[in-house]
$ cat coords.txt   # compact mmCIF, C-alpha atoms and all ligand atoms
# COMPACT_ATOMS: atom_id res chain seq x y z
CA MET Z 160 61.40 -36.32 92.90
CA THR Z 161 65.11 -35.76 93.46
CA ASP Z 162 67.21 -32.87 92.30
CA PRO Z 163 69.53 -34.12 89.51
CA VAL Z 164 72.42 -32.11 90.92
CA THR Z 165 72.11 -32.45 94.69
CA GLU Z 166 70.17 -35.75 94.56
CA LYS Z 167 68.05 -34.42 97.42
CA PRO Z 168 64.25 -34.65 97.26
CA THR Z 169 62.91 -31.47 95.70
CA GLY Z 170 59.26 -31.83 96.49
CA ARG Z 171 58.53 -30.41 93.06
CA PRO Z 172 55.38 -31.91 91.61
CA TYR Z 173 55.42 -33.99 88.43
CA VAL Z 174 54.03 -32.55 85.22
CA GLY Z 175 54.01 -35.79 83.23
CA LEU Z 176 55.39 -39.25 82.55
CA LEU Z 177 58.44 -40.51 80.69
CA LEU Z 178 58.09 -43.97 79.16
CA ILE Z 179 61.34 -45.85 78.53
CA GLY Z 180 61.11 -48.89 76.23
CA ASP Z 181 63.09 -52.14 76.65
CA PRO Z 182 66.68 -51.12 77.46
CA HIS Z 183 67.94 -54.76 77.25
CA LEU Z 184 71.06 -54.11 79.31
CA GLU Z 185 73.69 -56.80 79.02
CA SER Z 186 77.39 -57.20 79.56
CA ARG Z 187 78.41 -57.99 75.98
CA PRO Z 188 77.42 -56.53 72.62
CA PRO Z 189 74.52 -58.43 71.04
CA GLY Z 190 74.33 -59.66 67.46
CA HIS Z 191 76.19 -57.47 65.00
CA ARG Z 192 76.82 -54.50 67.30
CA ARG Z 193 80.42 -53.32 67.15
CA ASP Z 194 80.40 -50.69 69.92
CA ASP Z 195 80.77 -50.83 73.71
CA TYR Z 196 77.11 -51.79 74.06
CA PRO Z 197 76.98 -52.31 77.88
CA THR Z 198 78.16 -48.74 78.53
CA VAL Z 199 76.28 -47.18 75.62
CA ILE Z 200 72.90 -48.50 76.80
CA LEU Z 201 73.52 -47.65 80.45
CA ASP Z 202 74.36 -44.13 79.33
CA LYS Z 203 71.09 -43.95 77.35
CA LEU Z 204 69.15 -45.00 80.42
CA ALA Z 205 71.07 -42.43 82.47
CA TRP Z 206 70.24 -39.79 79.87
CA ALA Z 207 66.53 -40.70 79.98
CA LEU Z 208 66.40 -40.60 83.79
CA ALA Z 209 68.20 -37.25 83.88
CA TYR Z 210 65.77 -35.88 81.26
CA ALA Z 211 62.86 -37.07 83.43
CA ALA Z 212 64.30 -35.42 86.55
CA GLU Z 213 65.01 -32.14 84.76
CA ASN Z 214 61.54 -32.01 83.25
CA ARG Z 215 59.64 -33.23 86.31
CA LEU Z 216 58.45 -36.43 84.65
CA LEU Z 217 57.81 -39.71 86.44
CA PRO Z 218 59.95 -42.37 84.69
CA CYS Z 219 58.38 -45.73 83.79
CA ILE Z 220 60.40 -48.62 82.30
CA LEU Z 221 58.29 -50.81 80.00
CA GLY Z 222 60.00 -54.15 80.84
CA ASP Z 223 63.14 -55.93 79.60
CA LEU Z 224 65.46 -53.70 81.58
CA PHE Z 225 67.84 -56.66 81.31
CA ASP Z 226 68.45 -58.89 78.33
CA LYS Z 227 69.52 -61.84 80.48
CA PRO Z 228 67.46 -62.42 83.63
CA ARG Z 229 70.41 -63.70 85.66
CA ASP Z 230 74.21 -63.65 85.50
CA ASN Z 231 74.42 -59.90 85.05
CA PRO Z 232 77.72 -58.48 86.31
CA ASN Z 233 77.75 -56.86 89.71
CA TRP Z 234 79.19 -53.59 88.38
CA MET Z 235 76.05 -53.19 86.26
CA LEU Z 236 73.75 -53.67 89.26
CA VAL Z 237 75.79 -51.18 91.29
CA ARG Z 238 75.59 -48.64 88.48
CA LEU Z 239 71.82 -49.18 88.26
CA ILE Z 240 71.31 -48.73 92.00
CA ASP Z 241 73.17 -45.48 91.58
CA LEU Z 242 71.11 -44.38 88.56
CA LEU Z 243 67.63 -45.30 89.74
CA GLN Z 244 67.11 -42.43 92.18
CA GLY Z 245 63.72 -41.16 93.21
CA GLU Z 246 60.55 -42.87 92.04
CA VAL Z 247 60.91 -45.19 89.05
CA LEU Z 248 58.01 -47.38 87.98
CA GLY Z 249 58.19 -50.44 85.79
CA LEU Z 250 57.21 -53.91 84.72
CA TYR Z 251 59.15 -57.10 84.21
CA GLY Z 252 59.43 -58.35 80.65
CA ASN Z 253 60.08 -61.81 79.21
CA HIS Z 254 63.84 -61.17 79.32
CA ASP Z 255 63.80 -60.12 82.99
CA CYS Z 256 62.59 -63.47 84.30
CA ALA Z 257 63.99 -66.96 83.70
CA GLU Z 258 60.75 -68.57 84.84
CA PRO Z 259 57.20 -67.49 83.97
CA GLU Z 260 57.24 -65.07 86.93
CA LEU Z 261 59.94 -62.86 88.40
CA ARG Z 262 61.94 -64.70 91.10
CA GLU Z 263 64.52 -63.67 93.68
CA HIS Z 264 67.21 -65.25 91.46
CA ASP Z 265 66.55 -62.68 88.72
CA SER Z 266 68.66 -59.50 88.65
CA LEU Z 267 65.60 -57.25 88.45
CA SER Z 268 64.53 -58.48 91.91
CA VAL Z 269 67.66 -56.88 93.38
CA LEU Z 270 66.49 -53.47 92.15
CA VAL Z 271 62.92 -54.07 93.31
CA GLY Z 272 64.13 -55.33 96.71
CA ALA Z 273 66.44 -52.32 97.07
CA GLY Z 274 63.46 -50.00 96.53
CA ARG Z 275 64.93 -48.63 93.29
CA LEU Z 276 62.15 -49.86 91.00
CA LYS Z 277 58.47 -50.14 91.85
CA LEU Z 278 56.60 -52.75 89.85
CA VAL Z 279 53.06 -51.72 89.07
CA SER Z 280 50.27 -54.23 88.59
CA ALA Z 281 46.48 -54.48 88.67
CA ASP Z 282 46.65 -54.93 92.45
CA SER Z 283 49.29 -52.29 93.17
CA PRO Z 284 48.87 -49.31 90.87
CA TRP Z 285 50.69 -46.01 91.42
CA ILE Z 286 48.31 -43.21 92.37
CA GLY Z 287 49.38 -39.58 92.58
CA GLN Z 288 49.03 -36.04 91.39
CA ILE Z 289 50.61 -35.19 88.05
CA GLY Z 290 50.05 -31.67 86.79
CA PRO Z 291 46.43 -30.69 87.30
CA ARG Z 292 45.12 -34.27 87.56
CA VAL Z 293 45.26 -37.40 89.63
CA VAL Z 294 46.91 -40.14 87.60
CA VAL Z 295 46.58 -43.88 88.16
CA ILE Z 296 49.25 -46.14 86.63
CA GLY Z 297 48.58 -49.85 86.60
CA GLY Z 298 50.24 -52.50 84.52
CA SER Z 299 50.57 -56.09 83.37
CA SER Z 300 54.05 -57.55 83.38
CA TYR Z 301 54.90 -60.31 80.91
CA ARG Z 302 52.35 -63.15 81.05
CA GLN Z 303 50.09 -61.27 83.44
CA PRO Z 304 46.70 -60.95 81.76
CA LEU Z 305 45.61 -57.62 80.32
CA PRO Z 306 42.35 -56.74 82.08
CA ARG Z 307 39.20 -56.01 80.06
CA GLY Z 308 38.64 -53.02 82.32
CA PHE Z 309 39.93 -51.32 85.44
CA GLU Z 310 37.88 -50.13 88.38
CA LEU Z 311 39.18 -46.87 89.84
CA PRO Z 312 40.68 -47.57 93.29
CA GLU Z 313 38.91 -45.91 96.25
CA ASP Z 314 42.05 -43.82 96.99
CA ALA Z 315 42.02 -42.33 93.51
CA ARG Z 316 38.32 -41.53 93.78
CA VAL Z 317 38.82 -39.76 97.09
CA VAL Z 318 41.83 -37.67 96.08
CA SER Z 319 40.33 -36.59 92.78
CA GLN Z 320 37.02 -35.45 94.27
CA GLY Z 321 36.03 -32.00 93.06
CA GLY Z 322 38.76 -32.03 90.37
CA PRO Z 323 38.98 -33.42 86.86
CA PRO Z 324 38.57 -37.21 86.50
CA PRO Z 325 41.81 -39.21 86.97
CA LEU Z 326 43.87 -40.17 83.94
CA VAL Z 327 44.31 -43.95 83.91
CA VAL Z 328 47.43 -45.39 82.26
CA TRP Z 329 48.24 -49.06 81.79
CA LEU Z 330 51.77 -50.35 81.16
CA ALA Z 331 52.14 -53.63 79.24
CA HIS Z 332 54.76 -56.00 77.85
CA HIS Z 333 52.74 -58.11 75.43
CA ASP Z 334 52.46 -59.32 71.83
CA ILE Z 335 49.97 -56.71 70.73
CA LEU Z 336 48.77 -56.91 67.15
CA ILE Z 337 49.76 -53.55 65.72
CA PRO Z 338 50.19 -53.00 61.96
CA GLY Z 339 53.91 -53.48 61.26
CA TYR Z 340 54.39 -56.14 63.96
CA ASP Z 341 53.53 -59.58 62.60
CA ASP Z 342 54.01 -61.54 65.83
CA GLY Z 343 51.12 -59.80 67.55
CA ARG Z 344 48.43 -61.99 69.07
CA ILE Z 345 46.28 -59.60 71.11
CA ARG Z 346 44.17 -57.16 69.14
CA PRO Z 347 43.93 -53.72 70.82
CA PHE Z 348 40.57 -53.36 72.55
CA ALA Z 349 38.63 -50.78 74.53
CA MET Z 350 39.98 -51.33 78.05
CA LYS Z 351 37.14 -49.98 80.15
CA GLY Z 352 38.24 -47.19 82.46
CA VAL Z 353 41.74 -46.98 80.91
CA ASP Z 354 42.73 -43.99 78.78
CA LEU Z 355 46.17 -45.12 77.60
CA VAL Z 356 47.86 -48.49 77.20
CA ILE Z 357 51.61 -48.18 76.64
CA ASN Z 358 53.27 -51.38 75.49
CA GLY Z 359 56.95 -52.34 75.55
CA HIS Z 360 58.16 -55.63 74.03
CA ILE Z 361 57.94 -54.42 70.43
CA HIS Z 362 61.31 -53.00 69.42
CA ARG Z 363 60.29 -50.26 67.03
CA ARG Z 364 57.88 -47.40 67.22
CA LEU Z 365 54.53 -48.14 65.62
CA GLU Z 366 51.37 -46.17 64.91
CA ASP Z 367 48.93 -45.41 67.73
CA ILE Z 368 45.74 -47.43 67.72
CA VAL Z 369 42.50 -46.10 69.18
CA ALA Z 370 39.95 -48.66 70.39
CA GLY Z 371 36.86 -47.07 71.93
CA SER Z 372 38.16 -44.65 74.56
CA THR Z 373 41.51 -46.43 74.94
CA ARG Z 374 44.59 -45.33 73.01
CA TRP Z 375 47.35 -47.92 72.50
CA LEU Z 376 50.91 -46.64 72.13
CA THR Z 377 54.02 -48.52 70.99
CA PRO Z 378 57.13 -46.38 71.55
CA GLY Z 379 59.76 -49.06 70.69
CA ASN Z 380 62.98 -49.58 72.59
CA ILE Z 381 65.85 -47.22 73.36
CA SER Z 382 68.46 -49.78 72.24
CA ARG Z 383 68.93 -51.16 68.73
CA ARG Z 384 69.73 -54.86 68.91
CA ALA Z 385 69.11 -56.48 65.54
CA ARG Z 386 70.87 -55.34 62.35
CA SER Z 387 67.63 -55.22 60.39
CA ASP Z 388 65.96 -52.74 58.08
CA ALA Z 389 63.32 -52.08 60.75
CA THR Z 390 66.08 -51.16 63.21
CA ARG Z 391 67.77 -48.96 60.63
CA GLU Z 392 64.59 -46.87 60.44
CA HIS Z 393 63.92 -46.86 64.19
CA VAL Z 394 64.98 -43.69 65.99
CA PRO Z 395 65.66 -44.56 69.65
CA SER Z 396 63.30 -42.32 71.61
CA VAL Z 397 61.50 -42.02 74.89
CA LEU Z 398 57.83 -41.13 75.09
CA ARG Z 399 56.92 -38.04 77.03
CA ILE Z 400 53.34 -37.52 78.21
CA ASP Z 401 52.42 -34.18 79.74
CA VAL Z 402 49.24 -34.32 81.78
CA LEU Z 403 46.82 -31.46 81.12
CA ALA Z 404 43.55 -30.56 82.85
CA ALA Z 405 41.21 -32.30 80.46
CA ASP Z 406 43.69 -33.98 78.16
CA TYR Z 407 47.33 -34.98 77.76
CA ARG Z 408 50.07 -34.27 75.24
CA VAL Z 409 52.21 -36.99 73.65
CA GLU Z 410 55.71 -36.25 72.40
CA TYR Z 411 58.61 -38.46 71.34
CA VAL Z 412 62.02 -37.29 72.53
CA GLU Z 413 65.02 -38.60 70.66
CA VAL Z 414 67.65 -40.28 72.84
CA PRO Z 415 71.19 -39.28 71.72
CA HIS Z 416 72.58 -42.17 69.65
CA ARG Z 417 75.21 -42.97 67.02
CA PRO Z 418 74.28 -43.58 63.35
CA PHE Z 419 73.21 -47.14 62.46
CA ASP Z 420 76.36 -47.81 60.39
CA GLU Z 421 78.57 -46.90 63.35
CA VAL Z 422 76.93 -49.26 65.83
CA PHE Z 423 76.54 -52.29 63.53
CA HIS Z 424 79.10 -54.24 61.53
CA GLU Z 425 78.39 -53.93 57.85
CA GLN Z 426 76.61 -56.82 56.16
CA ILE Z 427 78.98 -59.32 54.59
CA VAL Z 428 78.36 -60.12 50.96
CA ASP Z 429 77.80 -63.83 50.18
CA VAL Z 430 80.67 -65.81 48.69
CA PRO Z 431 79.76 -66.75 45.11
CA GLN Z 432 78.84 -70.46 44.95
CA GLU Z 433 81.23 -71.33 42.11
CA SER Z 434 84.32 -69.78 43.69
CA GLY Z 435 84.86 -72.79 45.96
CA ALA Z 436 86.64 -73.43 49.21
CA SER Z 437 89.37 -70.79 48.93
CA ALA Z 438 86.78 -67.99 48.75
CA PHE Z 439 85.04 -69.64 51.69
CA VAL Z 440 88.22 -69.38 53.75
CA THR Z 441 88.68 -65.76 52.66
CA GLY Z 442 85.09 -65.07 53.75
CA LEU Z 443 85.75 -66.68 57.13
CA ALA Z 444 88.90 -64.62 57.61
CA GLU Z 445 86.93 -61.48 56.87
CA LEU Z 446 84.29 -62.51 59.41
CA GLN Z 447 86.96 -63.11 62.00
CA ALA Z 448 88.45 -59.68 61.40
CA ARG Z 449 85.21 -58.00 62.47
CA ARG Z 450 83.98 -60.70 64.81
CA THR Z 451 80.96 -60.01 66.97
CA ALA Z 452 80.84 -60.82 70.68
CA SER Z 453 77.87 -63.13 70.20
CA GLY Z 454 79.11 -64.97 67.10
CA ALA Z 455 76.27 -63.43 65.09
CA GLY Z 456 77.05 -63.35 61.40
CA LEU Z 457 79.13 -66.51 61.60
CA THR Z 458 76.16 -68.89 61.71
CA GLU Z 459 74.42 -66.92 58.98
CA PHE Z 460 77.53 -67.03 56.80
CA LEU Z 461 78.13 -70.71 57.39
CA SER Z 462 74.59 -71.88 56.72
CA GLN Z 463 74.70 -70.07 53.36
CA ASN Z 464 78.04 -71.60 52.41
CA VAL Z 465 78.55 -75.05 53.94
CA THR Z 466 76.61 -76.89 51.25
CA GLN Z 467 79.80 -77.07 49.17
CA PHE Z 468 81.26 -79.55 51.71
CA SER Z 469 80.27 -83.16 52.33
CA PRO Z 470 77.19 -83.50 54.58
CA ALA Z 471 79.29 -84.88 57.48
CA VAL Z 472 81.79 -81.99 57.33
CA ALA Z 473 78.97 -79.45 56.91
CA ALA Z 474 77.11 -80.86 59.93
CA GLU Z 475 80.25 -80.71 62.09
CA ILE Z 476 80.95 -77.09 61.08
CA MET Z 477 77.37 -76.09 61.95
CA HIS Z 478 77.56 -77.96 65.25
CA LEU Z 479 80.70 -76.08 66.27
CA ALA Z 480 79.14 -72.79 65.22
CA THR Z 481 75.94 -73.23 67.28
CA GLU Z 482 78.04 -73.79 70.40
CA ILE Z 483 79.24 -70.20 70.25
CA GLU Z 484 76.09 -68.58 68.95
CA GLY Z 485 74.30 -65.82 70.86
CA ASN Z 486 70.55 -65.74 71.39
CA GLY Z 487 67.40 -63.68 71.93
CA ASN Z 488 66.07 -60.51 70.38
CA GLN Z 489 62.54 -59.35 71.29
MN MN Q 501 62.27 -56.65 74.61
$ encode --input "coords.txt" --output "structure tokens" --more "lines below"
Ligand SMILES: [Mn+2]
Amino acid sequence: MTDPVTEKPTGRPYVGLLLIGDPHLESRPPGHRRDDYPTVILDKLAWALAYAAENRLLPCILGDLFDKPRDNPNWMLVRLIDLLQGEVLGLYGNHDCAEPELREHDSLSVLVGAGRLKLVSADSPWIGQIGPRVVVIGGSSYRQPLPRGFELPEDARVVSQGGPPPLVVWLAHHDILIPGYDDGRIRPFAMKGVDLVINGHIHRRLEDIVAGSTRWLTPGNISRRARSDATREHVPSVLRIDVLAADYRVEYVEVPHRPFDEVFHEQIVDVPQESGASAFVTGLAELQARRTASGAGLTEFLSQNVTQFSPAVAAEIMHLATEIEGNGNQ
């Protein structure tokens, strides 16, 4: 623990955890966002870390700290090294690594190598006292298998002797099948020896699922990336878990954020089919006036409207458009 003001270790014990979902930091605004996204999301992360420090919570990042695994600007890494003070646990997500596993070429490895982020796994869980209990935090980064069960490490057994049984938490970044998320592949199951599975990767908060003695939580991310109805309803929040003697308390804490209509360009209404090429040009001009950094909106607009041109012209327009298109969401 470090004091948020003096940045000196305080030695104050933790009372709980703070789970931070998929920040997706990047140097340009994604999709239809119209604000200064790089700064806005860094500030949200800073807010979450300050909240954790003030409330004596151990922060855990659920993967996808970065949107692009490499080519992140140096100023962003410097700011992160500055922000990630004290203990911060985490995973790597699909967006943090360019290859199936995290490599030294990926930006996240700089933070891990600098000792600013500790990756937890089945082999290297975090073990420590939180509130009245010993807590064990393991995890499966992207593509690492979710275990069917988890054997309590010897260290955890020893330190918890005579006290309440340890609380075992598992961090994940997987396609979990939760009602409301259609891309899920893994059905929540009773993970033997694990009390809580907390999954990143899914960008909106979904209902808890209880399977046997394991509770699966989906907090959703702190950044809104896609201009969708699901995002409109999602309230960017961090998940606070206070550890109690025989139980724990779950609470969502809203991260300060601007209204949906302020951070996204408004949806552009389709050009009526019969109005012809002049309306098409007017539509394009309108798109240009509120252009997005990623070219999002342009491709969508074009694919709905190019059919009025000859196939060769239409194909060329689409080809040019895809060269400037952005990518990625989950
Ligand atoms: Mn993600």
$ residues_near_ligand --input "coords.txt" --ligand "ligand MN 501 (chain Q)" --cutoff "9 Å" --atoms "only C-alpha atoms and all ligand atoms" --output "ChimeraX atom specification"
/Z:180-183,221-226,252-254,332,359-362,379-380,488-489
$ residues_around --input "coords.txt" --residues "Thr390 (chain Z)" --least-positions-apart "4" --cutoff "12 Å" --atoms "all atoms listed in the file" --output "PDB file with C-alpha atoms, in the coordinates of the input"
ATOM      1  CA  ARG Z 192      76.820 -54.500  67.300  1.00  0.00           C
ATOM      2  CA  ILE Z 361      57.940 -54.420  70.430  1.00  0.00           C
ATOM      3  CA  HIS Z 362      61.310 -53.000  69.420  1.00  0.00           C
ATOM      4  CA  ARG Z 363      60.290 -50.260  67.030  1.00  0.00           C
ATOM      5  CA  ARG Z 364      57.880 -47.400  67.220  1.00  0.00           C
ATOM      6  CA  GLY Z 379      59.760 -49.060  70.690  1.00  0.00           C
ATOM      7  CA  ASN Z 380      62.980 -49.580  72.590  1.00  0.00           C
ATOM      8  CA  ILE Z 381      65.850 -47.220  73.360  1.00  0.00           C
ATOM      9  CA  SER Z 382      68.460 -49.780  72.240  1.00  0.00           C
ATOM     10  CA  ARG Z 383      68.930 -51.160  68.730  1.00  0.00           C
ATOM     11  CA  ARG Z 384      69.730 -54.860  68.910  1.00  0.00           C
ATOM     12  CA  ALA Z 385      69.110 -56.480  65.540  1.00  0.00           C
ATOM     13  CA  ARG Z 386      70.870 -55.340  62.350  1.00  0.00           C
ATOM     14  CA  VAL Z 394      64.980 -43.690  65.990  1.00  0.00           C
ATOM     15  CA  PRO Z 395      65.660 -44.560  69.650  1.00  0.00           C
ATOM     16  CA  PRO Z 418      74.280 -43.580  63.350  1.00  0.00           C
ATOM     17  CA  PHE Z 419      73.210 -47.140  62.460  1.00  0.00           C
ATOM     18  CA  ASP Z 420      76.360 -47.810  60.390  1.00  0.00           C
ATOM     19  CA  VAL Z 422      76.930 -49.260  65.830  1.00  0.00           C
ATOM     20  CA  PHE Z 423      76.540 -52.290  63.530  1.00  0.00           C
ATOM     21  CA  ASN Z 488      66.070 -60.510  70.380  1.00  0.00           C
TER      22      ASN Z 488
END
$ atom_distance --input "coords.txt" --atom1 "CA of Ala480 (chain Z)" --atom2 "CA of Asp195 (chain Z)"
23.6 Å
$ closest_residue --input "coords.txt" --among "Z:Ala455, Z:Ile368, Z:Ala405, Z:Leu376" --to "His424 (chain Z)" --atoms "all atoms listed in the file"
Z:Ala455
$ axis_aligned_box --input "coords.txt" --around "region 296-300 of chain Z" --padding-each-side "5 Å" --output "AutoDock Vina command-line options"
--center_x 51.3 --center_y -51.8 --center_z 85.0 --size_x 15.5 --size_y 21.4 --size_z 13.3
$ atom_distance --input "coords.txt" --atom1 "CA of Leu457 (chain Z)" --atom2 "CA of Ile476 (chain Z)"
10.7 Å
$ atom_distance --input "coords.txt" --atom1 "CA of Gly308 (chain Z)" --atom2 "CA of Ile296 (chain Z)"
13.4 Å
$ residues_around --input "coords.txt" --residues "region 267-277 of chain Z" --least-positions-apart "3" --cutoff "12 Å" --atoms "all atoms listed in the file" --output "PyMOL selection string"
chain Z and resi 183-184+217-231+233+235-257+260-264+280+283-285+296-298
$ closest_residue --input "coords.txt" --among "Z:Pro291, Z:Pro415, Z:Pro197, Z:Gly339" --to "Pro232 (chain Z)" --atoms "all atoms listed in the file"
Z:Pro197
$ residues_around --input "coords.txt" --residues "Leu326 (chain Z)" --least-positions-apart "4" --cutoff "12 Å" --atoms "all atoms listed in the file" --output "ChimeraX atom specification"
/Z:175-176,285-297,309,311,315-316,319,322,352-356,372-373,400-407
